[in-house]
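Asker: Take a look at the following structure, please.
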Amino acid sequence: MTHRLAALVLAGAVLFVGCSASDNDGPAQSAGSSESSGSVDSSQTSASIAPADEPADVVTGLDAPWSIVFAGDAPLISERDSGNILEVVGDRTRVVGAVADVAPAGEGGLLGLAVREEFLYVYFTSDDGDNRVVRYRLTGITGSLGIGPVEPVLAGIPGGRTHNGGRIAFGPDGMLYISTGDAQDRPKAQDPASLSGKILRITPDGDVPADNPTAGSPMWSLGHRNVQGIAWADDGTMFSSEYGQDTWDELNVIRKGGNYGWPRVEGKSEQFDSIYIDPVQQWSPDDASPSGMTIAGDTIYIANLRGERIRAVPVAAPETGRDLFVGEFGRVRDVTDARDGSLWLLTNNTDGRGDARVGDDRIKRVTVQSV
């Protein structure tokens with residue numbers, strides 16, 4: 001079957017996030033400075049970004065939401081623990097369908113979503129303990145969407161209580177990119193034969209593209225601890241966000257066949273710089289724990305959990321950035337750009353690690369502008 005890239009797909013830019021081994025997106029922290037600590041001063045940018053209006057609720061009352069994508073005009077949300085896929089209709093949600101065999105435990109459960117043509121792609125932790133990707137044909141129309149029978153896409157991704165990866169997105173080449181974590185088995189991130197600690201690249205039907213780095217392998221890059229966001233700039237450059245361990249979370253430019261160093265390297269490395277690819281920006285986990293991401297225009301927007309903020313990073317100067325909404329909404333799991341040019345932020349305060357507020361979890365709609 002010939003596939004066209006959907007007109008609007010959430011390309012959750014992948015930024016590597018660093019957190020402690022026992023709690024890799026960490027508990028919510030109190031609001032701090034709007035500048036990141038670590039190796040970069042995030043207040044210095046090539047173009048300043050600021051809110052253009054007052055953030056507003058789109059919907060409230062979500063239960064441990066994880067991913068948000070658009071299927072045409074219809075916003076869809078995954079709920080990690082319930083296994084439900086929700087459609088936003090006005091100021092409420094309705095259940096589109098429930099993913100069978102979801103086994104929520106720790107950080108596992110129903111995670112990433114992606115849309116291509118008439119299909120909804122889903123990444124989840126199954127009851128056998130592994131992670132997998134399946135797809136469903138979307139049925140009905142906006143406001144009353146449903147899903148058809150499940151179709152397998154990729155199985156056998158090692159899972160664990162933590163470090164399950166889970167972000168999926170279609171690239172400008174029409175291929176499906178999948179982030180996986182090391183599932184607490186660190187050496188596997190450097191093992192080309194393992195699906196752990198990788199970014200994978202497959203066709204929409206689940207086959208291995210002929211131009212992947214290794215013949216017959218879905219591996220696109222390796223040496224990752226737990227990639228949580230992936231996105232592409234207009235020129236095709238791929239970015240990712242990644243959890244670190246105790247010292248550095250990362251924003252990376254992803255290269256075909258690139259090795260990003262985990263578990264031998266966390267953050268930038270002088271000793272191994274000829275072997276491993278350094279991040280273009282790194283942060284203290286207390287200020288970050290980056291999750292989903294999107295690129296709107298010439299700016300990367302990264303959701304942060306422990307850091308409770310949105311980080312705006314210029315594509316042209318990815319070593320810089322500016323922090324927005326610090327501490328205003330609690331933990332932010334995902335961010336995407338809507339057709340009207342606004343950003344939709346998905347909070348994540350009800351998953352057992354956050355400090356839930358009245359009405360949590362929610363989608364916040366915000367508009368930003370260059371100043």
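Each chain in the structure tokens gets a letter, A, B, ..., in the order shown, and its residues are numbered from 1; ligands are numbered from 1 in order too.
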With only C-alpha atoms as the counted atoms, please give the residues lying no more than 7 Å from Ile49 of chain A, apart from itself and same-chain residues fewer than 2 positions off, as a PyMOL selection string.

Answerer: chain A and resi 47+368-371

Asker: Each residue of segment 222-252 of chain A with at least one atom at most 12 Å from segment 109-121 of chain A should appear once, together with its nearest atom pair and the corresponding distance in Å (one decimal); atoms considered: only C-alpha atoms; ordering: chain, then increasing residue number; output as a Markdown table.

Answerer:
```
| residue | atom | partner | partner_atom | distance |
| --- | --- | --- | --- | --- |
| A:Val227 | CA | A:Gly112 | CA | 11.8 |
| A:Gln228 | CA | A:Gly112 | CA | 9.4 |
| A:Gly229 | CA | A:Gly112 | CA | 9.8 |
| A:Ile230 | CA | A:Gly112 | CA | 11.1 |
```

Asker: Distance atom CA of Gln190 of chain A-atom CA of Trp262 of chain A, one decimal place?

Answerer: 7.2 Å

Asker: Set the distance at 6 Å and use only C-alpha atoms: which residues neighbour Ser284 of chain A once local chain neighbours fewer than 2 positions away are removed? I'd like the list as a list in words.

Answerer: Gly38, Thr247, Trp248, Asp286 and Asp287 of chain A

Asker: Check the DSSP output for the backbone and give back, as an MDAnalysis selection string, the residues of segment 178-225 of chain A in strand (DSSP E or B).

Answerer: chainID A and resid 178:179 181 198:202 219:222

Asker: Using only C-alpha atoms, can you tell me which of A:Phe70, A:Asn252, A:Gly160, A:Ala169 comes closest to Asp128 of chain A?

Answerer: A:Gly160

Asker: As a PyMOL selection string, please: the residues near Leu305 of chain A (cut-off 7 Å, only C-alpha atoms, same-chain neighbours under 5 positions excluded).

Answerer: chain A and resi 25+288-291+331-333

Asker: Report as a list of chain:residue names all protein, DNA and RNA residues lying within 8 Å of Ile202 of chain A, evaluated on only C-alpha atoms, omitting residues in the same chain fewer than 2 positions from it.

Answerer: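 Selected residues are A:Met175, A:Leu176, A:Tyr177, A:Leu200, A:Pro204, A:Asp205, A:Gly206, A:Asp207, A:Val208, A:Pro209, A:Pro218.
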
Asker: Take the residues just selected and output them with all heavy atoms as a PDB file, in the first residue's frame.

Answerer:
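Output below, filename part.pdb:
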```pdb
ATOM      1  N   MET A 175       8.969   7.472   7.402  1.00  0.00           N
ATOM      2  CA  MET A 175       9.275   6.316   8.233  1.00  0.00           C
ATOM      3  C   MET A 175       8.850   6.567   9.683  1.00  0.00           C
ATOM      4  O   MET A 175       8.809   7.715  10.147  1.00  0.00           O
ATOM      5  CB  MET A 175      10.770   6.003   8.193  1.00  0.00           C
ATOM      6  CG  MET A 175      11.303   5.619   6.814  1.00  0.00           C
ATOM      7  SD  MET A 175      10.632   4.060   6.188  1.00  0.00           S
ATOM      8  CE  MET A 175       9.788   4.660   4.723  1.00  0.00           C
ATOM      9  N   LEU A 176       8.551   5.475  10.401  1.00  0.00           N
ATOM     10  CA  LEU A 176       8.164   5.558  11.801  1.00  0.00           C
ATOM     11  C   LEU A 176       9.406   5.415  12.679  1.00  0.00           C
ATOM     12  O   LEU A 176      10.130   4.422  12.589  1.00  0.00           O
ATOM     13  CB  LEU A 176       7.163   4.464  12.145  1.00  0.00           C
ATOM     14  CG  LEU A 176       6.692   4.426  13.607  1.00  0.00           C
ATOM     15  CD1 LEU A 176       5.952   5.713  13.971  1.00  0.00           C
ATOM     16  CD2 LEU A 176       5.809   3.204  13.858  1.00  0.00           C
ATOM     17  N   TYR A 177       9.639   6.412  13.527  1.00  0.00           N
ATOM     18  CA  TYR A 177      10.754   6.404  14.463  1.00  0.00           C
ATOM     19  C   TYR A 177      10.219   6.094  15.861  1.00  0.00           C
ATOM     20  O   TYR A 177       9.186   6.631  16.285  1.00  0.00           O
ATOM     21  CB  TYR A 177      11.477   7.748  14.450  1.00  0.00           C
ATOM     22  CG  TYR A 177      12.236   8.006  13.170  1.00  0.00           C
ATOM     23  CD1 TYR A 177      11.568   8.388  12.007  1.00  0.00           C
ATOM     24  CD2 TYR A 177      13.621   7.852  13.114  1.00  0.00           C
ATOM     25  CE1 TYR A 177      12.250   8.618  10.825  1.00  0.00           C
ATOM     26  CE2 TYR A 177      14.320   8.086  11.929  1.00  0.00           C
ATOM     27  CZ  TYR A 177      13.621   8.461  10.790  1.00  0.00           C
ATOM     28  OH  TYR A 177      14.313   8.691   9.614  1.00  0.00           O
ATOM     29  N   LEU A 200      14.683   3.523  16.874  1.00  0.00           N
ATOM     30  CA  LEU A 200      14.436   2.569  15.801  1.00  0.00           C
ATOM     31  C   LEU A 200      13.751   3.282  14.643  1.00  0.00           C
ATOM     32  O   LEU A 200      13.067   4.292  14.825  1.00  0.00           O
ATOM     33  CB  LEU A 200      13.552   1.423  16.299  1.00  0.00           C
ATOM     34  CG  LEU A 200      13.995   0.736  17.594  1.00  0.00           C
ATOM     35  CD1 LEU A 200      12.974  -0.336  18.003  1.00  0.00           C
ATOM     36  CD2 LEU A 200      15.383   0.127  17.451  1.00  0.00           C
ATOM     37  N   PRO A 204       5.945   2.161   7.722  1.00  0.00           N
ATOM     38  CA  PRO A 204       4.634   2.180   8.379  1.00  0.00           C
ATOM     39  C   PRO A 204       4.046   0.789   8.602  1.00  0.00           C
ATOM     40  O   PRO A 204       3.232   0.602   9.511  1.00  0.00           O
ATOM     41  CB  PRO A 204       3.777   3.003   7.417  1.00  0.00           C
ATOM     42  CG  PRO A 204       4.750   3.906   6.723  1.00  0.00           C
ATOM     43  CD  PRO A 204       5.984   3.068   6.551  1.00  0.00           C
ATOM     44  N   ASP A 205       4.443  -0.195   7.796  1.00  0.00           N
ATOM     45  CA  ASP A 205       3.936  -1.555   7.961  1.00  0.00           C
ATOM     46  C   ASP A 205       4.785  -2.408   8.881  1.00  0.00           C
ATOM     47  O   ASP A 205       4.457  -3.569   9.145  1.00  0.00           O
ATOM     48  CB  ASP A 205       3.838  -2.244   6.599  1.00  0.00           C
ATOM     49  CG  ASP A 205       2.808  -1.597   5.685  1.00  0.00           C
ATOM     50  OD1 ASP A 205       1.782  -1.131   6.210  1.00  0.00           O
ATOM     51  OD2 ASP A 205       3.041  -1.543   4.471  1.00  0.00           O
ATOM     52  N   GLY A 206       5.904  -1.860   9.374  1.00  0.00           N
ATOM     53  CA  GLY A 206       6.739  -2.594  10.317  1.00  0.00           C
ATOM     54  C   GLY A 206       7.959  -3.254   9.722  1.00  0.00           C
ATOM     55  O   GLY A 206       8.687  -3.961  10.422  1.00  0.00           O
ATOM     56  N   ASP A 207       8.239  -3.025   8.455  1.00  0.00           N
ATOM     57  CA  ASP A 207       9.413  -3.614   7.823  1.00  0.00           C
ATOM     58  C   ASP A 207      10.646  -2.743   8.083  1.00  0.00           C
ATOM     59  O   ASP A 207      10.545  -1.569   8.448  1.00  0.00           O
ATOM     60  CB  ASP A 207       9.188  -3.754   6.314  1.00  0.00           C
ATOM     61  CG  ASP A 207       8.048  -4.687   5.974  1.00  0.00           C
ATOM     62  OD1 ASP A 207       7.868  -5.688   6.695  1.00  0.00           O
ATOM     63  OD2 ASP A 207       7.316  -4.413   5.001  1.00  0.00           O
ATOM     64  N   VAL A 208      11.826  -3.331   7.860  1.00  0.00           N
ATOM     65  CA  VAL A 208      13.081  -2.591   8.009  1.00  0.00           C
ATOM     66  C   VAL A 208      13.423  -1.913   6.690  1.00  0.00           C
ATOM     67  O   VAL A 208      13.538  -2.583   5.665  1.00  0.00           O
ATOM     68  CB  VAL A 208      14.226  -3.530   8.436  1.00  0.00           C
ATOM     69  CG1 VAL A 208      15.548  -2.770   8.468  1.00  0.00           C
ATOM     70  CG2 VAL A 208      13.934  -4.145   9.809  1.00  0.00           C
ATOM     71  N   PRO A 209      13.582  -0.597   6.670  1.00  0.00           N
ATOM     72  CA  PRO A 209      13.946   0.091   5.425  1.00  0.00           C
ATOM     73  C   PRO A 209      15.318  -0.349   4.922  1.00  0.00           C
ATOM     74  O   PRO A 209      16.233  -0.634   5.714  1.00  0.00           O
ATOM     75  CB  PRO A 209      13.965   1.569   5.827  1.00  0.00           C
ATOM     76  CG  PRO A 209      13.122   1.656   7.060  1.00  0.00           C
ATOM     77  CD  PRO A 209      13.353   0.356   7.781  1.00  0.00           C
ATOM     78  N   PRO A 218      16.264  -2.700  12.644  1.00  0.00           N
ATOM     79  CA  PRO A 218      15.513  -1.448  12.757  1.00  0.00           C
ATOM     80  C   PRO A 218      16.291  -0.336  13.453  1.00  0.00           C
ATOM     81  O   PRO A 218      15.810   0.793  13.526  1.00  0.00           O
ATOM     82  CB  PRO A 218      14.287  -1.849  13.582  1.00  0.00           C
ATOM     83  CG  PRO A 218      14.757  -2.985  14.421  1.00  0.00           C
ATOM     84  CD  PRO A 218      15.746  -3.735  13.559  1.00  0.00           C
TER      85      PRO A 218
END
```

Asker: Any idea what's packed within 6 Å of Trp344 of chain A, counting only C-alpha atoms, ignoring anything in its chain fewer than 5 positions away? Could you give it as a list in words?

Answerer: Val335, Thr336, Lys364 and Arg365 of chain A

Asker: For a quick check of understanding, using only C-alpha atoms, which of A:Thr60, A:Ser78, A:Thr203, A:Asn226 has the smallest distance to Asp91 of chain A?

Answerer: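 Using only C-alpha atoms, Asp91 of chain A sits closest to A:Thr60.
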
Asker: Just give me the gap between atom CA of Arg161 of chain A and atom CA of Glu107 of chain A in Å, one decimal is fine.

Answerer: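 Between these atoms lies a distance of 5.7 Å.
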